[in-house]
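Asker: Structure supplied as work.csv; contents: CSV, C-alpha atoms.
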```
chain,number,residue,atom,x,y,z
E,1,MET,CA,-148.6,33.5,-38.2
E,2,SER,CA,-147.2,32.0,-41.4
E,3,SER,CA,-146.6,28.9,-39.5
E,4,ALA,CA,-148.2,25.6,-40.4
E,5,LYS,CA,-150.2,25.8,-37.3
E,6,GLY,CA,-151.5,29.2,-38.3
E,7,MET,CA,-152.5,27.9,-41.7
E,8,ASP,CA,-154.1,25.0,-40.1
E,9,GLU,CA,-156.2,27.1,-37.8
E,10,ARG,CA,-157.1,29.4,-40.7
E,11,ASP,CA,-158.4,26.4,-42.7
E,12,GLU,CA,-160.2,25.1,-39.7
E,13,MET,CA,-162.1,28.3,-39.3
E,14,LEU,CA,-162.8,28.6,-43.1
E,15,ALA,CA,-164.2,25.0,-43.0
E,16,ALA,CA,-166.4,25.9,-40.1
E,17,GLU,CA,-167.7,29.0,-41.7
E,18,TYR,CA,-168.2,27.2,-44.9
E,19,ALA,CA,-170.2,24.4,-43.2
E,20,LEU,CA,-172.2,27.0,-41.2
E,21,GLY,CA,-172.9,28.9,-44.4
E,22,THR,CA,-171.7,32.3,-43.3
E,23,LEU,CA,-168.5,32.4,-45.4
E,24,PRO,CA,-169.0,35.5,-47.7
E,25,HIS,CA,-169.6,34.9,-51.3
E,26,ALA,CA,-166.1,35.5,-52.8
E,27,GLU,CA,-164.4,33.5,-50.1
E,28,ARG,CA,-167.0,30.8,-50.5
E,29,VAL,CA,-166.4,30.4,-54.2
E,30,ALA,CA,-162.6,30.3,-53.7
E,31,PHE,CA,-163.1,27.8,-50.9
E,32,GLU,CA,-165.2,25.6,-53.0
E,33,LYS,CA,-162.5,25.6,-55.7
E,34,ARG,CA,-160.0,24.4,-53.1
E,35,LEU,CA,-162.3,21.7,-51.9
E,36,LEU,CA,-162.3,20.0,-55.3
E,37,ASP,CA,-158.8,18.7,-54.9
E,38,ASP,CA,-158.0,19.1,-51.3
E,39,VAL,CA,-158.9,15.9,-49.5
E,40,GLU,CA,-157.9,17.2,-46.1
E,41,LEU,CA,-160.0,20.2,-46.4
E,42,ARG,CA,-163.0,18.1,-47.5
E,43,ALA,CA,-162.5,16.0,-44.3
E,44,ARG,CA,-162.5,19.2,-42.2
E,45,VAL,CA,-165.7,20.3,-43.8
E,46,ALA,CA,-167.3,16.8,-43.4
E,47,GLN,CA,-166.4,16.9,-39.7
E,48,TRP,CA,-168.1,20.3,-39.3
E,49,ASP,CA,-171.1,19.2,-41.3
E,50,GLY,CA,-171.4,16.2,-39.0
E,51,HIS,CA,-171.3,18.5,-36.0
E,52,LEU,CA,-173.8,21.0,-37.3
E,53,THR,CA,-176.4,18.9,-39.2
E,54,PRO,CA,-178.2,18.0,-35.9
E,55,LEU,CA,-179.3,21.7,-35.9
E,56,ALA,CA,-181.3,21.0,-39.1
E,57,GLU,CA,-183.7,18.9,-36.9
E,58,ALA,CA,-185.3,22.1,-35.9
E,59,ILE,CA,-186.4,22.7,-39.5
E,60,GLU,CA,-189.9,21.7,-40.2
E,61,PRO,CA,-190.4,19.5,-43.3
E,62,VAL,CA,-192.7,21.1,-45.9
E,63,GLU,CA,-194.3,19.0,-48.6
E,64,PRO,CA,-193.2,20.4,-52.0
E,65,PRO,CA,-195.8,20.8,-54.8
E,66,ALA,CA,-196.2,17.6,-56.8
E,67,ALA,CA,-195.2,19.5,-60.0
E,68,VAL,CA,-191.6,19.7,-58.8
E,69,PHE,CA,-191.1,15.9,-59.1
E,70,GLY,CA,-192.6,16.0,-62.6
E,71,ARG,CA,-190.2,18.7,-63.7
E,72,LEU,CA,-187.3,16.9,-62.0
E,73,GLU,CA,-188.0,13.7,-63.9
E,74,ALA,CA,-188.5,15.6,-67.1
E,75,GLN,CA,-185.1,17.2,-66.6
E,76,LEU,CA,-183.3,14.0,-65.8
E,77,PHE,CA,-185.0,11.4,-67.9
E,78,VAL,CA,-186.8,12.8,-70.9
E,79,PRO,CA,-185.0,13.8,-74.1
E,80,ALA,CA,-186.0,17.0,-75.7
E,81,ALA,CA,-189.3,16.6,-77.5
E,82,PRO,CA,-189.6,17.5,-81.2
E,83,ALA,CA,-191.9,20.5,-81.8
E,84,ALA,CA,-194.2,19.4,-84.6
E,85,GLY,CA,-195.8,16.3,-86.0
E,86,TRP,CA,-195.1,14.5,-82.8
E,87,TRP,CA,-198.4,12.8,-82.3
E,88,ASN,CA,-197.9,10.2,-85.0
E,89,SER,CA,-194.2,9.8,-84.5
E,90,LEU,CA,-193.5,6.2,-83.6
E,91,GLY,CA,-190.3,7.2,-81.9
E,92,ILE,CA,-192.2,9.4,-79.5
E,93,TRP,CA,-194.5,6.7,-78.5
E,94,ARG,CA,-191.7,4.2,-78.1
E,95,GLY,CA,-190.1,6.8,-75.9
E,96,LEU,CA,-193.2,7.3,-73.9
E,97,ALA,CA,-193.6,3.6,-73.4
E,98,VAL,CA,-190.6,3.6,-71.2
E,99,ALA,CA,-190.9,7.2,-69.9
E,100,SER,CA,-192.5,8.0,-66.6
E,101,LEU,CA,-195.5,10.1,-66.0
E,102,ALA,CA,-193.2,13.1,-66.1
E,103,GLY,CA,-192.4,12.4,-69.7
E,104,VAL,CA,-196.0,12.2,-70.5
E,105,LEU,CA,-196.5,15.5,-68.7
E,106,VAL,CA,-193.8,17.2,-70.8
E,107,LEU,CA,-195.3,15.9,-74.1
E,108,GLY,CA,-198.7,16.6,-72.7
E,109,ALA,CA,-197.8,20.2,-72.0
E,110,LEU,CA,-196.6,20.5,-75.6
E,111,TYR,CA,-199.8,19.0,-76.8
E,112,ALA,CA,-201.7,21.4,-74.6
E,113,ASP,CA,-199.8,24.3,-76.2
E,114,ILE,CA,-200.7,23.1,-79.6
E,115,ALA,CA,-204.3,22.6,-78.6
E,116,ARG,CA,-204.4,26.1,-77.0
E,117,LYS,CA,-203.1,27.7,-80.1
E,118,ALA,CA,-205.8,26.0,-82.1
E,119,GLU,CA,-208.6,26.9,-79.7
E,120,PRO,CA,-209.5,30.5,-79.2
E,121,GLU,CA,-210.7,29.7,-75.7
E,122,GLN,CA,-208.4,27.9,-73.4
E,123,GLN,CA,-209.7,24.6,-72.2
E,124,PRO,CA,-207.9,22.3,-69.8
E,125,ALA,CA,-206.1,19.2,-71.0
E,126,TYR,CA,-205.5,16.1,-69.0
E,127,VAL,CA,-203.1,13.3,-69.3
E,128,ALA,CA,-203.0,9.8,-67.8
E,129,GLN,CA,-200.4,7.1,-68.1
E,130,VAL,CA,-202.2,3.9,-67.6
E,131,ALA,CA,-199.9,1.0,-66.5
E,132,GLY,CA,-200.1,-2.1,-64.5
E,133,GLU,CA,-197.7,-3.6,-62.0
E,134,ASP,CA,-198.3,-7.2,-63.0
E,135,SER,CA,-199.2,-6.8,-66.7
E,136,ASP,CA,-197.3,-5.3,-69.6
E,137,VAL,CA,-200.3,-3.2,-70.7
E,138,ARG,CA,-199.4,0.5,-71.0
E,139,LEU,CA,-201.5,3.2,-72.4
E,140,VAL,CA,-201.1,7.0,-72.6
E,141,ALA,CA,-204.3,9.0,-72.7
E,142,LEU,CA,-204.6,12.7,-73.5
E,143,TYR,CA,-207.9,14.4,-73.0
E,144,ASP,CA,-208.6,17.8,-74.5
E,145,ALA,CA,-211.6,19.3,-72.8
E,146,GLY,CA,-212.0,21.8,-75.6
E,147,SER,CA,-212.8,19.2,-78.2
E,148,ALA,CA,-213.9,16.5,-75.8
E,149,THR,CA,-211.4,14.3,-77.6
E,150,LEU,CA,-209.6,11.5,-75.7
E,151,ARG,CA,-206.6,10.4,-77.7
E,152,LEU,CA,-205.2,7.0,-76.8
E,153,ASN,CA,-202.0,5.3,-77.5
E,154,ARG,CA,-201.3,1.8,-76.4
E,155,THR,CA,-197.6,1.5,-76.2
E,156,ASP,CA,-197.5,-2.0,-74.9
E,157,GLY,CA,-199.6,-5.1,-74.3
E,158,GLU,CA,-202.0,-7.1,-76.6
E,159,PRO,CA,-205.3,-8.7,-75.5
E,160,ALA,CA,-205.4,-12.5,-75.5
E,161,GLU,CA,-207.3,-14.3,-78.2
E,162,ASN,CA,-211.0,-13.7,-78.1
E,163,ARG,CA,-210.5,-11.1,-75.4
E,164,ASP,CA,-210.6,-7.3,-75.6
E,165,PHE,CA,-209.2,-4.5,-73.5
E,166,GLU,CA,-211.8,-2.2,-72.2
E,167,LEU,CA,-211.1,1.4,-71.0
E,168,TRP,CA,-212.8,2.8,-67.9
E,169,LEU,CA,-213.2,6.2,-66.4
E,170,ILE,CA,-213.4,6.0,-62.6
E,171,PRO,CA,-214.6,9.2,-61.0
E,172,GLU,CA,-213.6,9.5,-57.3
E,173,GLY,CA,-215.9,7.4,-55.2
E,174,GLN,CA,-217.9,6.1,-58.1
E,175,LEU,CA,-218.2,2.9,-60.1
E,176,PRO,CA,-216.2,2.6,-63.3
E,177,ILE,CA,-217.8,4.0,-66.4
E,178,SER,CA,-217.0,2.3,-69.7
E,179,LEU,CA,-215.2,4.4,-72.4
E,180,GLY,CA,-215.4,1.5,-74.7
E,181,VAL,CA,-213.3,-1.3,-76.0
E,182,LEU,CA,-209.8,-0.4,-77.2
E,183,PRO,CA,-209.5,-0.8,-81.0
E,184,PRO,CA,-206.7,-3.2,-82.2
E,185,THR,CA,-204.7,-0.2,-83.5
E,186,ALA,CA,-202.1,1.3,-81.3
E,187,THR,CA,-203.5,4.8,-81.5
E,188,SER,CA,-207.1,5.9,-81.5
E,189,ALA,CA,-209.3,8.8,-80.5
E,190,VAL,CA,-212.6,8.8,-78.7
E,191,THR,CA,-215.1,11.6,-78.5
E,192,VAL,CA,-216.2,11.6,-74.9
E,193,PRO,CA,-220.0,11.8,-74.5
E,194,ASP,CA,-221.5,15.0,-73.0
E,195,ALA,CA,-222.5,13.3,-69.8
E,196,LEU,CA,-219.0,12.1,-69.0
E,197,ARG,CA,-217.1,15.3,-69.8
E,198,PRO,CA,-217.4,16.9,-66.4
E,199,LEU,CA,-216.0,13.7,-64.9
E,200,PHE,CA,-212.6,14.3,-66.4
E,201,THR,CA,-211.0,15.9,-63.4
E,202,GLU,CA,-207.8,15.3,-61.5
E,203,THR,CA,-209.6,13.1,-59.0
E,204,ALA,CA,-210.5,10.5,-61.7
E,205,ILE,CA,-208.6,7.4,-62.7
E,206,LEU,CA,-208.4,5.6,-66.0
E,207,ALA,CA,-208.3,1.8,-66.0
E,208,ILE,CA,-208.1,-1.0,-68.5
E,209,SER,CA,-209.6,-4.4,-67.8
E,210,ASP,CA,-209.5,-7.7,-69.6
E,211,GLU,CA,-212.9,-8.5,-71.0
E,212,PRO,CA,-214.6,-10.9,-73.4
E,213,ALA,CA,-214.4,-9.9,-77.1
E,214,GLY,CA,-216.7,-7.0,-77.6
E,215,GLY,CA,-216.4,-5.7,-74.1
E,216,SER,CA,-218.0,-6.4,-70.7
E,217,PRO,CA,-221.5,-7.9,-71.0
E,218,THR,CA,-222.6,-6.3,-67.7
E,219,GLY,CA,-221.5,-2.7,-68.0
E,220,GLN,CA,-219.0,-3.3,-65.2
E,221,ALA,CA,-215.5,-4.8,-65.4
E,222,THR,CA,-215.8,-8.6,-65.3
E,223,GLY,CA,-212.2,-9.5,-65.9
E,224,ALA,CA,-208.9,-8.5,-64.3
E,225,VAL,CA,-208.0,-4.9,-64.0
E,226,LEU,CA,-204.7,-4.8,-65.9
E,227,ALA,CA,-203.7,-1.2,-65.6
E,228,THR,CA,-204.7,2.0,-63.9
E,229,GLY,CA,-203.4,5.6,-64.0
E,230,PRO,CA,-204.5,8.9,-62.4
E,231,VAL,CA,-205.8,11.7,-64.5
E,232,THR,CA,-203.5,14.7,-64.2
E,233,LYS,CA,-204.2,18.2,-65.5
E,234,ILE,CA,-201.6,19.8,-67.7
W,1,MET,CA,-185.6,2.7,-36.6
W,2,ASN,CA,-184.4,1.5,-39.9
W,3,ALA,CA,-185.2,4.8,-41.7
W,4,SER,CA,-181.5,5.7,-41.9
W,5,ARG,CA,-180.6,2.3,-43.4
W,6,ASP,CA,-183.5,2.5,-45.8
W,7,ILE,CA,-182.3,5.9,-47.0
W,8,ALA,CA,-178.7,4.7,-47.3
W,9,GLU,CA,-180.0,1.8,-49.4
W,10,LEU,CA,-182.1,4.1,-51.6
W,11,ILE,CA,-179.1,6.3,-52.2
W,12,SER,CA,-177.0,3.3,-53.2
W,13,ARG,CA,-179.6,2.1,-55.6
W,14,THR,CA,-179.9,5.6,-57.0
W,15,ALA,CA,-176.2,5.4,-57.7
W,16,LEU,CA,-177.0,2.4,-59.9
W,17,GLN,CA,-179.5,4.6,-61.8
W,18,ASP,CA,-182.4,2.9,-60.2
W,19,ARG,CA,-185.2,5.4,-61.0
W,20,ALA,CA,-187.8,3.7,-58.7
W,21,ALA,CA,-185.4,4.0,-55.8
W,22,PHE,CA,-184.7,7.6,-56.7
W,23,GLY,CA,-188.5,8.3,-56.7
W,24,GLU,CA,-188.8,6.6,-53.3
W,25,LEU,CA,-185.9,8.6,-52.0
W,26,TYR,CA,-187.6,11.8,-53.2
W,27,ARG,CA,-190.8,10.7,-51.6
W,28,LEU,CA,-189.2,10.1,-48.3
W,29,THR,CA,-186.9,13.1,-48.1
W,30,SER,CA,-188.1,15.9,-50.3
W,31,ALA,CA,-190.3,17.5,-47.6
W,32,LYS,CA,-187.3,17.8,-45.3
W,33,LEU,CA,-185.1,19.2,-48.0
W,34,PHE,CA,-187.8,21.6,-49.2
W,35,GLY,CA,-188.1,22.8,-45.6
W,36,VAL,CA,-184.4,23.5,-45.6
W,37,CYS,CA,-184.6,25.4,-48.9
W,38,LEU,CA,-187.6,27.5,-47.8
W,39,ARG,CA,-185.9,28.5,-44.5
W,40,VAL,CA,-182.7,29.6,-46.3
W,41,LEU,CA,-184.1,31.1,-49.5
W,42,LYS,CA,-187.4,32.5,-48.0
W,43,ASP,CA,-189.0,32.4,-51.4
W,44,ARG,CA,-191.3,29.6,-52.6
W,45,ALA,CA,-190.6,29.8,-56.3
W,46,GLU,CA,-186.8,29.9,-55.7
W,47,ALA,CA,-187.1,27.1,-53.2
W,48,GLU,CA,-189.0,24.9,-55.7
W,49,GLU,CA,-186.4,25.5,-58.4
W,50,ALA,CA,-183.6,24.9,-55.9
W,51,LEU,CA,-185.2,21.6,-54.8
W,52,GLN,CA,-185.3,20.4,-58.3
W,53,GLU,CA,-181.6,21.2,-58.9
W,54,ILE,CA,-180.7,19.6,-55.6
W,55,TYR,CA,-182.3,16.3,-56.6
W,56,VAL,CA,-180.5,16.5,-59.9
W,57,LYS,CA,-177.3,16.7,-57.9
W,58,ILE,CA,-178.3,13.9,-55.7
W,59,TRP,CA,-179.1,11.7,-58.8
W,60,ARG,CA,-175.7,12.5,-60.3
W,61,ARG,CA,-173.6,12.4,-57.1
W,62,ALA,CA,-175.3,9.4,-55.4
W,63,SER,CA,-172.3,7.3,-56.4
W,64,THR,CA,-170.0,9.5,-54.4
W,65,TYR,CA,-172.1,9.0,-51.3
W,66,ALA,CA,-170.6,5.6,-50.2
W,67,ALA,CA,-167.2,7.1,-50.2
W,68,ASN,CA,-167.9,9.9,-47.8
W,69,GLN,CA,-168.3,10.0,-44.0
W,70,TYR,CA,-171.8,11.3,-43.7
W,71,SER,CA,-174.9,9.7,-42.4
W,72,PRO,CA,-177.4,9.3,-45.2
W,73,ILE,CA,-179.9,12.0,-44.2
W,74,SER,CA,-177.2,14.4,-43.2
W,75,TRP,CA,-175.6,14.0,-46.6
W,76,LEU,CA,-178.9,14.9,-48.2
W,77,VAL,CA,-179.3,17.9,-45.9
W,78,VAL,CA,-175.8,19.1,-46.6
W,79,VAL,CA,-176.3,18.8,-50.4
W,80,ALA,CA,-179.5,20.8,-50.1
W,81,ARG,CA,-178.1,23.4,-47.7
W,82,ASN,CA,-175.0,24.0,-49.6
W,83,HIS,CA,-177.0,24.6,-52.7
W,84,ALA,CA,-179.4,27.0,-51.0
W,85,ILE,CA,-176.5,28.8,-49.3
W,86,ASP,CA,-174.6,29.2,-52.6
W,87,ILE,CA,-177.7,30.9,-53.9
W,88,VAL,CA,-178.3,33.3,-51.0
W,89,ARG,CA,-174.6,34.2,-50.7
W,90,ALA,CA,-174.4,35.1,-54.4
W,91,ARG,CA,-177.6,37.1,-54.1
W,92,LYS,CA,-176.0,39.9,-52.1
W,93,PRO,CA,-172.2,39.4,-52.1
W,94,GLU,CA,-170.6,40.9,-49.0
W,95,GLU,CA,-167.0,41.3,-47.9
W,96,VAL,CA,-166.4,40.9,-44.2
W,97,GLU,CA,-163.1,41.5,-42.5
W,98,LEU,CA,-162.3,40.1,-39.1
W,99,ASP,CA,-161.6,42.6,-36.4
W,100,ASP,CA,-158.9,42.4,-33.9
W,101,VAL,CA,-160.7,43.8,-31.0
W,102,HIS,CA,-160.9,41.9,-27.8
W,103,ASP,CA,-163.9,39.8,-27.2
W,104,MET,CA,-165.8,42.3,-25.1
W,105,ALA,CA,-169.0,40.5,-24.5
W,106,ASP,CA,-169.0,38.3,-21.4
W,107,ASP,CA,-168.8,34.7,-22.4
W,108,ALA,CA,-169.8,33.4,-19.0
W,109,LYS,CA,-173.3,32.2,-18.8
W,110,THR,CA,-175.9,33.5,-16.4
W,111,PRO,CA,-177.3,31.1,-13.8
W,112,GLU,CA,-180.5,31.0,-15.8
W,113,GLU,CA,-178.6,29.9,-18.9
W,114,GLU,CA,-176.9,27.2,-16.8
W,115,ALA,CA,-180.2,25.9,-15.8
W,116,ILE,CA,-181.7,25.8,-19.3
W,117,ASN,CA,-179.0,23.7,-20.9
W,118,ALA,CA,-178.8,20.9,-18.3
W,119,SER,CA,-180.8,18.3,-20.2
W,120,ASP,CA,-181.3,16.9,-23.7
W,121,GLY,CA,-178.3,14.7,-24.0
W,122,ARG,CA,-177.2,15.5,-27.6
W,123,GLN,CA,-173.7,16.7,-27.8
W,124,ILE,CA,-174.5,19.6,-30.1
W,125,ASP,CA,-177.2,20.9,-27.7
W,126,LEU,CA,-174.9,20.4,-24.8
W,127,CYS,CA,-172.2,22.4,-26.5
W,128,MET,CA,-174.5,25.1,-27.8
W,129,GLY,CA,-175.6,25.4,-24.2
W,130,GLU,CA,-172.1,26.2,-23.2
W,131,LEU,CA,-172.1,29.2,-25.4
W,132,GLU,CA,-173.6,32.5,-24.2
W,133,ALA,CA,-177.2,32.5,-25.3
W,134,ARG,CA,-176.9,35.3,-27.9
W,135,ARG,CA,-174.0,33.6,-29.5
W,136,ALA,CA,-175.8,30.3,-29.6
W,137,ASP,CA,-178.7,32.1,-31.3
W,138,ALA,CA,-176.3,33.6,-33.9
W,139,VAL,CA,-174.9,30.1,-34.7
W,140,ARG,CA,-178.4,28.7,-34.9
W,141,GLY,CA,-179.7,31.6,-37.0
W,142,ALA,CA,-176.8,31.2,-39.4
W,143,TYR,CA,-177.4,27.5,-39.8
W,144,VAL,CA,-181.2,27.3,-39.8
W,145,GLU,CA,-182.0,30.6,-41.5
W,146,GLY,CA,-178.9,30.9,-43.6
W,147,TYR,CA,-178.2,34.4,-42.3
W,148,SER,CA,-175.2,36.2,-43.7
W,149,TYR,CA,-172.8,38.1,-41.5
W,150,GLN,CA,-174.5,41.4,-42.4
W,151,GLU,CA,-177.9,40.0,-41.5
W,152,LEU,CA,-176.6,38.7,-38.2
W,153,ALA,CA,-174.8,42.0,-37.5
W,154,ASP,CA,-178.1,43.8,-38.1
W,155,ARG,CA,-180.0,41.5,-35.9
W,156,PHE,CA,-177.5,41.6,-33.0
W,157,GLU,CA,-176.8,45.3,-33.5
W,158,ILE,CA,-173.0,45.0,-33.7
W,159,PRO,CA,-170.6,45.9,-36.5
W,160,VAL,CA,-170.3,43.2,-39.1
W,161,ASN,CA,-166.6,42.6,-38.6
W,162,THR,CA,-167.2,42.1,-34.9
W,163,MET,CA,-170.0,39.7,-35.8
W,164,ARG,CA,-167.6,37.6,-37.8
W,165,THR,CA,-165.0,37.6,-35.0
W,166,TRP,CA,-167.7,36.7,-32.5
W,167,LEU,CA,-169.0,33.8,-34.6
W,168,ARG,CA,-165.6,32.4,-35.2
W,169,ARG,CA,-164.9,32.3,-31.5
W,170,SER,CA,-168.2,30.6,-31.0
W,171,LEU,CA,-167.3,28.0,-33.6
W,172,ALA,CA,-163.9,27.4,-32.0
W,173,LYS,CA,-165.6,27.0,-28.6
W,174,LEU,CA,-168.1,24.7,-30.1
W,175,LYS,CA,-165.5,22.6,-31.7
W,176,GLU,CA,-163.5,22.4,-28.5
W,177,CYS,CA,-166.6,21.2,-26.7
W,178,LEU,CA,-167.8,18.8,-29.4
W,179,GLU,CA,-164.4,17.1,-29.5
W,180,ARG,CA,-163.9,16.9,-25.8
```
Do you think you could lay out the structure here as structure tokens?

Answerer:
Amino acid sequence: MSSAKGMDERDEMLAAEYALGTLPHAERVAFEKRLLDDVELRARVAQWDGHLTPLAEAIEPVEPPAAVFGRLEAQLFVPAAPAAGWWNSLGIWRGLAVASLAGVLVLGALYADIARKAEPEQQPAYVAQVAGEDSDVRLVALYDAGSATLRLNRTDGEPAENRDFELWLIPEGQLPISLGVLPPTATSAVTVPDALRPLFTETAILAISDEPAGGSPTGQATGAVLATGPVTKI
Amino acid sequence: MNASRDIAELISRTALQDRAAFGELYRLTSAKLFGVCLRVLKDRAEAEEALQEIYVKIWRRASTYAANQYSPISWLVVVARNHAIDIVRARKPEEVELDDVHDMADDAKTPEEEAINASDGRQIDLCMGELEARRADAVRGAYVEGYSYQELADRFEIPVNTMRTWLRRSLAKLKECLER
């Protein structure tokens, strides 16, 4: 039984049980250690994996909750956020300019925490990263329902001469509603009018269009829509 | 069907730290891998956490994909399943000896079983069909549900050591058939 053939058969069975998943815990841990530097053993496992994976076709796909991808991106791509004074930190905004929505969510969650601490009653907060495929306009918006404040930070993009950027709220299935012209400063805050507050929900979209100086003369976007982003609750 | 080639390309681009490709890979494959996690872990919160960790592994190990011998989707399934199985095995560690008894159950198939496994073409189905039905069920249960030897033994009402012996024989038979 101590023959090479015996060892070979033993490894073959361990590889099979490992691939099948039944190898008991302690043996599994020991086997995984061996796998690290045993090419032959890895090849045995790969062969069993190849044999057995067709059995996975019987497993029904289940859509994971959207939040998982956000957490995943936050884990992989967003450096740890500082705890205080972050709103005006240029570094944060520079970071956000390249970060994905997940990054915004993480910082947004932090903001929501701060906001919740300040407010006795918990009110939802929303975040949107407004960006365009064909333009360099990027804006991060955070809406605190408690104070009806929409904080904006334009992280990239400048309007052309004699043009302005105008911000729009687009409730699902409705025409865009102007939230005003973006000021020339990178950061700004807007108090959202009473009538528009209920429209800040997760089905809404924020958009930025290119308009004549002073904003659209018609009340609807007249120039190109440069950037859009969905509103997400945090 | 170019899905497999698409996924292979997305994995290669992920290896180059292409986040957009990684996002697309997630979009195309996360439902399958989440399904795998749910079946094995049987707990939604744990499955969500596992899924996140699995894609972290995929992001970090994508560069090793090209060098291995897996088809793209099976590589992803294997990464996911191994992760989930590691978790369940650690949850309730067991020790299982093999027993030396003779294989008492009759391995020959009944005529009904013969009739059932005639079709379907795929080698694995063909070979699973050559196993006695209860044994094929045990292999399938172990793979799809991530059952441990103890859980299988309870289900099939045989001692756990016998279960392990049983399953090993089934795997050996399966291998012999698959490599025929």

Asker: Counting only C-alpha atoms, a student should be able to say which residues of chain W come within 6 Å of chain E; what is the right answer, written as a list in words?

Answerer: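 Per the criterion, chain W yields Ala31, Lys32, Phe34, Gly35, Gln52, Arg89, Ala90, Pro93, Glu94, Tyr143 and Ser148 of chain W.
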
Asker: Mind pulling up the distance from atom CA of W:Gln69 to atom CA of W:Glu9?

Answerer: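 Atom-to-atom, atom CA of W:Glu9 to atom CA of W:Gln69, that is 15.3 Å.
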
Asker: For a test of reading the model, state the distance in Å between atom CA of E:Leu182 and atom CA of E:Glu166, rounded to one decimal.

Answerer: 5.7 Å

Asker: Just the number, please: distance in Å from atom CA of E:Leu175 to atom CA of E:Gln220, one decimal.

Answerer: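 Atom CA of E:Gln220 lies 8.1 Å from atom CA of E:Leu175.
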
Asker: Measuring atom to atom with all atoms listed in the file, identify which of E:Val78, E:Val225, E:Val181, E:Ala189 is nearest to E:Tyr143.

Answerer: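 Looking only at the distances to E:Tyr143, the closest residue turns out to be E:Ala189.
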
Asker: Considering only C-alpha atoms, state which residue in the set E:Thr232, E:Ser178, E:Gln129, E:Thr191 is at the smallest distance from E:Ala66.

Answerer: E:Thr232

Asker: Place a sphere of radius 10 Å on (-180.2, 30.1, -53.4) in the file coordinates and name every protein, DNA or RNA residue with an atom inside or on its surface, counting only C-alpha atoms; give the answer as JSON, numbers by chain.

Answerer: {"W": [37, 38, 40, 41, 42, 43, 46, 47, 49, 50, 51, 80, 81, 82, 83, 84, 85, 86, 87, 88, 89, 90, 91, 146]}
